[in-house]
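Enquirer: This is the structure, below, for whatever I ask next.
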Amino acid sequence: MPIITLTTDLGNTDHYVSAVKANILRQLESVNIIDISHNIPTFNVLHAAFVIKNVYKDFPPGSIHIIGVNAESNEKTPHIAVYADEHFFIGTDNGLFSLLLDIKPDKIVHITTSMDSDNENFPINDVFVKAACHIARGGTLELIGSPAADFMNKSSKLVPLHERNSIRGSIVHIDHYGNAITNINQSIFNEVAKGRKYSIHLGNREHYSLSSIKKKYNEVPLGDALAMFISTGNLTISLNMGSASSLMGLEINDTVRIEFYD
Amino acid sequence: MPIITLTTDLGNTDHYVSAVKANILRQLESVNIIDISHNIPTFNVLHAAFVIKNVYKDFPPGSIHIIGVNAESNEKTPHIAVYADEHFFIGTDNGLFSLLLDIKPDKIVHITTSMDSDNENFPINDVFVKAACHIARGGTLELIGSPAADFMNKSSKLVPLHERNSIRGSIVHIDHYGNAITNINQSIFNEVAKGRKYSIHLGNREHYSLSSIKKKYNEVPLGDALAMFISTGNLTISLNMGSASSLMGLEINDTVRIEFYD
Amino acid sequence: MPIITLTTDLGNTDHYVSAVKANILRQLESVNIIDISHNIPTFNVLHAAFVIKNVYKDFPPGSIHIIGVNAESNEKTPHIAVYADEHFFIGTDNGLFSLLLDIKPDKIVHITTSMDSDNENFPINDVFVKAACHIARGGTLELIGSPAADFMNKSSKLVPLHERNSIRGSIVHIDHYGNAITNINQSIFNEVAKGRKYSIHLGNREHYSLSSIKKKYNEVPLGDALAMFISTGNLTISLNMGSASSLMGLEINDTVRIEFYD
């Protein structure tokens, strides 16, 4: 059974999400539709890219991911279908895809199928659903679009900088619990750390520092701060049963700096 | 596989929605349950009618729609099952159905099956689920209720008024993005416009006016106001990447007036 | 088709819930995943226990319930799998289970399967999913854990006290509508009432009293207070189309006292 996932900012109070599902169900006899989130903050492609980036690999290869955030197209931000890392992605080339994918896609096409609706303000429910159902039936990307060599829009991703004795990254996501997730991943940490001691400095005014990385929340007392690698591999600043974001004042784009000592 | 949709104000924090699903799953081996929304503002039949009205046709004919908002019955507001426009609807005759359906239903029955529970405060999970499963198994409406010629309660729907040179409608829904959706649809607009120029006046004090209708948000600069017909055909006032409702102060029932010029 | 339900505080804005679903779908060809709620207030095991307690029996026997609230384990709060009342439950022995189950389980095991991930901060998506899929495939609890005689942690549940002429209970849950749900159930009420008259006193300062129990909201005028037994059997204080919690100031743990008169 083909899997189609949905990541949108459509919210859960209107008919929009169920319209998308109804249209998929009319075109496909058998399909497994999985909501990733419809509560992406409106127009926030950074948040959307972070969410889908961290979960698409958990779905079986061949899964089809519709990403509907800031979805309108024009000549500079075309609708695209992408095959990368054994998954299909359908969305708008508005900078989101460069945040989502670290690897060069196997295929990118600019979707050329026309919209059924005369009004072009709900492409998720029109072009995106048609493209997803086409792929779910085994159709090729070439049939619905013209090949493109690369994305037209690339958001400059904040990548952590590292030298021999330090890594300088930033907070890229605040989650439901108020955990502050950084762009420093476990492999770069290990590469630079080489088993040395370190201190982690948090916030632009560096009010907080931590000198160890834990494996779970309850290695520290209730309410205390800790650093962990979460399942996505990202270094994350948390409080044990509290919101690091609100209680420590951490925000997206805040600097996180790690110093290593010989 | 029969499709049962759910539109309720039950929210997503309690066990109520999953109780409804569990009861359906116990009665039907194979069924596709689709959440339309459980975040209808509590008791708001206007919002519920708007949501279900705009999406039921997207589902395959024969789909069964449970509508659980302000669902309690008494002798003046009976529980009803309705067949109209090739779809089944189950709910309470509290004014909602006259807002939902523009056409005369093929069949209306007052549901006469008794409640399993001694307590009558959760009819969605009792009478409505039983009726839906009965219909899903191919049962007739006559078997679960007594025929009625019409709805007992009709909410006076605000319909737009039009003369040769003007249309006067109102805002009927504010969506998740803050779009202000009016009751002026594309066909009445075209009928009166006859290709003439026009100006759209917004808000009860008519602070804003617009002189064109766009096909998508990004035809205007970021933050600018625009009018569009959305996929439901309703004329809608929006901001490109902003909330028309909060930034322009638009509210449900506000007047929207269009003047046409020869 | 096996049923796996999910009750968590993971929220709906991140990738966490869909990661759990993706991992289940990778391990099981055919499964029905039902969301009970992902909006349990963070770390609130009392709320989680109340929600799952009131709905698990509605699912078919053999259903598997993953409960992921305050889910981290240590030597004093192990991960457990439980078979009770013909249902399977997977969660953390942190006091939640003693609130959830009134009966002695048929089986409790401390889960001994190791975590796949080196990081132990997301056990729902690791140990819990593996245990659920094992059970869904017909595996025994003994294969994934070591038997335990009882729960290690028991939260002292507030049980209502009763004498010949009174019952003294408390509010244990405020629902989406602001209904104040008490721990006084219909059977204890009937046992003490013996058909006598009574008055229900609400709130710690007993500002409100009610002298009858209704079957549905609309037995009282709009905005008036009423007491009802809801479908779970719990005595509940409500307003007809209003929030008893906010308008009457009722809160969790507030006393509800019923006096009976000969």
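Residues in the structure tokens are named by chain (A, B, ... in the order shown) and by number from 1 within that chain; ligands are numbered from 1 in the order shown.
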Could you name the residues that touch Asp14 of chain B at 10 Å or less, counting only C-alpha atoms, but leaving out those on the same chain fewer than 3 positions away, as a PyMOL selection string?
Expert: (chain B and resi 10-11+17-19) or (chain C and resi 36-40+47-48+50-52+54-55+173-177)
Enquirer: Using only C-alpha atoms, please write the residues we just selected to a file, as a compact mmCIF listing (two decimals), in the first residue's frame.
Expert:
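So out08.txt came out as:
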```txt
# COMPACT_ATOMS: atom_id res chain seq x y z
CA LEU B 10 -14.84 17.27 21.01
CA GLY B 11 -11.27 18.59 20.96
CA VAL B 17 -12.84 11.17 19.88
CA SER B 18 -11.06 7.87 20.34
CA ALA B 19 -14.13 6.48 22.13
CA ILE C 36 -6.07 8.61 21.55
CA SER C 37 -4.39 11.91 22.30
CA HIS C 38 -1.01 13.54 21.80
CA ASN C 39 -2.12 16.60 23.72
CA ILE C 40 -1.84 15.24 27.24
CA HIS C 47 -4.43 13.29 32.97
CA ALA C 48 -3.01 10.46 30.82
CA PHE C 50 -7.73 9.38 33.23
CA VAL C 51 -7.93 9.53 29.44
CA ILE C 52 -6.78 5.97 28.75
CA ASN C 54 -11.99 5.89 30.17
CA VAL C 55 -11.52 4.58 26.69
CA HIS C 173 -10.30 16.06 35.45
CA ILE C 174 -11.33 19.20 33.59
CA ASP C 175 -12.24 18.35 30.01
CA HIS C 176 -12.13 20.29 26.72
CA TYR C 177 -15.53 21.88 27.46
```
Enquirer: Restrict the calculation to only C-alpha atoms, then for each residue of chain C with any atom at most 10 Å from an atom of chain A give the closest atom pair and their distance in Å to one decimal, rows by chain and rising residue number, as a Markdown table.
Expert:
```
| residue | atom | partner | partner_atom | distance |
| --- | --- | --- | --- | --- |
| C:Asp9 | CA | A:Tyr177 | CA | 8.9 |
| C:Leu10 | CA | A:His176 | CA | 7.0 |
| C:Gly11 | CA | A:His176 | CA | 6.1 |
| C:Asn12 | CA | A:Ser37 | CA | 6.0 |
| C:Thr13 | CA | A:Asn39 | CA | 5.1 |
| C:Asp14 | CA | A:Val51 | CA | 5.8 |
| C:His15 | CA | A:Val51 | CA | 5.1 |
| C:Tyr16 | CA | A:Val55 | CA | 7.9 |
| C:Val17 | CA | A:Ile36 | CA | 7.4 |
| C:Ser18 | CA | A:Ile36 | CA | 5.2 |
| C:Ala19 | CA | A:Val55 | CA | 5.6 |
| C:Val20 | CA | A:Asp58 | CA | 8.6 |
| C:Lys21 | CA | A:Ile34 | CA | 8.2 |
| C:Ala22 | CA | A:Phe59 | CA | 4.9 |
| C:Asn23 | CA | A:Asp58 | CA | 6.1 |
| C:Ile24 | CA | A:Phe59 | CA | 9.4 |
| C:Leu25 | CA | A:Phe59 | CA | 7.5 |
| C:Arg26 | CA | A:Pro60 | CA | 6.2 |
| C:Gln27 | CA | A:Pro60 | CA | 9.9 |
| C:Glu29 | CA | A:Met1 | CA | 9.2 |
| C:Ser30 | CA | A:Met1 | CA | 9.6 |
| C:Thr42 | CA | A:Tyr177 | CA | 7.3 |
| C:Phe43 | CA | A:Met241 | CA | 7.0 |
| C:Asn70 | CA | A:Met241 | CA | 8.3 |
| C:Glu72 | CA | A:Asn218 | CA | 7.2 |
| C:Ser73 | CA | A:Asn218 | CA | 8.1 |
| C:Asn74 | CA | A:Asn218 | CA | 7.9 |
| C:Ser117 | CA | A:Ser231 | CA | 7.1 |
| C:Asp118 | CA | A:Lys215 | CA | 7.6 |
| C:Asn119 | CA | A:Lys215 | CA | 5.0 |
| C:Glu120 | CA | A:Lys216 | CA | 5.2 |
| C:Asn121 | CA | A:Lys216 | CA | 4.5 |
| C:Phe122 | CA | A:Ser231 | CA | 7.0 |
| C:Pro123 | CA | A:Lys216 | CA | 9.7 |
| C:Asn125 | CA | A:Ser231 | CA | 9.2 |
| C:Asp126 | CA | A:Ser231 | CA | 9.7 |
```
Enquirer: Can you list, as a list in words, every residue of segment 91-204 of chain C that DSSP puts in helix (DSSP H, G or I)?
Expert: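 Here is the list: Leu96, Phe97, Ser98, Leu99, Leu100, Pro123, Ile124, Asn125, Val127, Phe128, Val129, Lys130, Ala131, Ala132, Cys133, His134, Ile135, Ala136, Leu141, Glu142, Leu143, Gln186, Ser187, Ile188, Phe189, Asn190, Glu191, Val192 and Ala193 of chain C.
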Enquirer: If you count only C-alpha atoms, which residues fall within 10 Å of Phe189 of chain C, apart from same-chain ones fewer than 2 positions away, as a list in words?
Expert: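 My reading of the contact set: His162, Ser166, Ile167, Ile184, Asn185, Gln186, Ser187, Glu191, Val192, Ala193, Lys194, Gly195, Asn234, Leu235 and Ile258 of chain C.
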Enquirer: May I have the selected residues written with N, CA and C atoms, as a JSON list (two decimals), in the first residue's frame?
Expert:
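Heads up, here's the output in result-v7.json:
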```json
[["chain", "number", "residue", "atom", "x", "y", "z"],
["C", 162, "HIS", "N", -17.21, 7.64, 51.84],
["C", 162, "HIS", "CA", -18.65, 7.74, 52.04],
["C", 162, "HIS", "C", -19.05, 7.21, 53.41],
["C", 166, "SER", "N", -23.44, 10.68, 53.53],
["C", 166, "SER", "CA", -22.67, 11.61, 52.71],
["C", 166, "SER", "C", -21.61, 10.89, 51.87],
["C", 167, "ILE", "N", -21.24, 11.53, 50.79],
["C", 167, "ILE", "CA", -20.10, 11.10, 49.97],
["C", 167, "ILE", "C", -19.22, 12.34, 49.80],
["C", 184, "ILE", "N", -16.55, 10.51, 41.83],
["C", 184, "ILE", "CA", -17.74, 9.85, 42.41],
["C", 184, "ILE", "C", -18.48, 9.17, 41.28],
["C", 185, "ASN", "N", -18.55, 7.82, 41.34],
["C", 185, "ASN", "CA", -19.23, 7.16, 40.22],
["C", 185, "ASN", "C", -20.66, 6.75, 40.59],
["C", 186, "GLN", "N", -21.37, 6.37, 39.56],
["C", 186, "GLN", "CA", -22.80, 6.15, 39.68],
["C", 186, "GLN", "C", -23.13, 5.02, 40.66],
["C", 187, "SER", "N", -22.30, 3.99, 40.72],
["C", 187, "SER", "CA", -22.63, 2.85, 41.59],
["C", 187, "SER", "C", -22.50, 3.23, 43.07],
["C", 191, "GLU", "N", -25.60, 3.34, 45.77],
["C", 191, "GLU", "CA", -25.48, 2.53, 46.98],
["C", 191, "GLU", "C", -25.78, 3.36, 48.23],
["C", 192, "VAL", "N", -25.25, 4.58, 48.25],
["C", 192, "VAL", "CA", -25.46, 5.43, 49.43],
["C", 192, "VAL", "C", -26.81, 6.13, 49.39],
["C", 193, "ALA", "N", -27.22, 6.54, 48.18],
["C", 193, "ALA", "CA", -28.44, 7.35, 48.05],
["C", 193, "ALA", "C", -29.68, 6.57, 48.48],
["C", 194, "LYS", "N", -29.78, 5.34, 48.09],
["C", 194, "LYS", "CA", -30.97, 4.53, 48.36],
["C", 194, "LYS", "C", -32.25, 5.31, 48.08],
["C", 195, "GLY", "N", -32.23, 6.09, 47.01],
["C", 195, "GLY", "CA", -33.42, 6.81, 46.57],
["C", 195, "GLY", "C", -33.73, 8.07, 47.36],
["C", 234, "ASN", "N", -18.80, 8.72, 35.74],
["C", 234, "ASN", "CA", -18.35, 9.72, 36.71],
["C", 234, "ASN", "C", -19.38, 10.86, 36.86],
["C", 235, "LEU", "N", -19.65, 11.24, 38.10],
["C", 235, "LEU", "CA", -20.48, 12.42, 38.34],
["C", 235, "LEU", "C", -19.70, 13.64, 37.85],
["C", 258, "ILE", "N", -21.57, 15.36, 48.79],
["C", 258, "ILE", "CA", -23.01, 15.12, 48.63],
["C", 258, "ILE", "C", -23.59, 14.74, 50.00]]
```
Enquirer: At a cut-off of 9 Å, using only C-alpha atoms, what residues contact Val109 of chain B? Leave out same-chain residues fewer than 3 positions from it and give the result as a list in words.
Expert: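 That gives His79, Ile80, Ala81, Val82, Thr112, Leu141, Glu142, Ile144, Gly145, Ser146, Pro147, Ala148 and Ala149 of chain B.
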Enquirer: Could you write those residues out with N, CA and C atoms, as a PDB file, in the first residue's frame?
Expert:
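again29.pdb, written as the output of this step:
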```
ATOM      1  N   HIS B  79     -32.607  14.112  16.723  1.00  0.00           N
ATOM      2  CA  HIS B  79     -31.500  13.519  15.979  1.00  0.00           C
ATOM      3  C   HIS B  79     -32.019  13.058  14.623  1.00  0.00           C
ATOM      4  N   ILE B  80     -31.251  13.352  13.575  1.00  0.00           N
ATOM      5  CA  ILE B  80     -31.727  13.001  12.244  1.00  0.00           C
ATOM      6  C   ILE B  80     -30.623  12.351  11.416  1.00  0.00           C
ATOM      7  N   ALA B  81     -31.079  11.559  10.447  1.00  0.00           N
ATOM      8  CA  ALA B  81     -30.181  11.049   9.409  1.00  0.00           C
ATOM      9  C   ALA B  81     -30.740  11.540   8.083  1.00  0.00           C
ATOM     10  N   VAL B  82     -29.850  11.970   7.206  1.00  0.00           N
ATOM     11  CA  VAL B  82     -30.258  12.656   5.983  1.00  0.00           C
ATOM     12  C   VAL B  82     -29.514  12.051   4.799  1.00  0.00           C
ATOM     13  N   THR B 112     -35.018   7.000  15.600  1.00  0.00           N
ATOM     14  CA  THR B 112     -35.875   6.497  16.676  1.00  0.00           C
ATOM     15  C   THR B 112     -35.217   5.382  17.473  1.00  0.00           C
ATOM     16  N   LEU B 141     -32.345   4.115   5.802  1.00  0.00           N
ATOM     17  CA  LEU B 141     -32.693   5.132   6.790  1.00  0.00           C
ATOM     18  C   LEU B 141     -34.035   4.802   7.445  1.00  0.00           C
ATOM     19  N   GLU B 142     -34.957   4.225   6.662  1.00  0.00           N
ATOM     20  CA  GLU B 142     -36.299   3.939   7.201  1.00  0.00           C
ATOM     21  C   GLU B 142     -36.220   3.021   8.411  1.00  0.00           C
ATOM     22  N   ILE B 144     -34.097   2.973  10.800  1.00  0.00           N
ATOM     23  CA  ILE B 144     -33.632   3.599  12.049  1.00  0.00           C
ATOM     24  C   ILE B 144     -34.385   4.883  12.403  1.00  0.00           C
ATOM     25  N   GLY B 145     -35.373   5.232  11.579  1.00  0.00           N
ATOM     26  CA  GLY B 145     -36.076   6.475  11.912  1.00  0.00           C
ATOM     27  C   GLY B 145     -37.391   6.612  11.177  1.00  0.00           C
ATOM     28  N   SER B 146     -38.110   7.643  11.567  1.00  0.00           N
ATOM     29  CA  SER B 146     -39.397   7.912  10.921  1.00  0.00           C
ATOM     30  C   SER B 146     -39.238   9.104   9.966  1.00  0.00           C
ATOM     31  N   PRO B 147     -39.783   8.977   8.762  1.00  0.00           N
ATOM     32  CA  PRO B 147     -39.569  10.009   7.736  1.00  0.00           C
ATOM     33  C   PRO B 147     -40.070  11.379   8.166  1.00  0.00           C
ATOM     34  N   ALA B 148     -39.364  12.405   7.751  1.00  0.00           N
ATOM     35  CA  ALA B 148     -39.795  13.782   8.002  1.00  0.00           C
ATOM     36  C   ALA B 148     -39.742  14.522   6.673  1.00  0.00           C
ATOM     37  N   ALA B 149     -40.662  15.449   6.487  1.00  0.00           N
ATOM     38  CA  ALA B 149     -40.741  16.152   5.205  1.00  0.00           C
ATOM     39  C   ALA B 149     -39.640  17.215   5.082  1.00  0.00           C
TER      40      ALA B 149
END
```
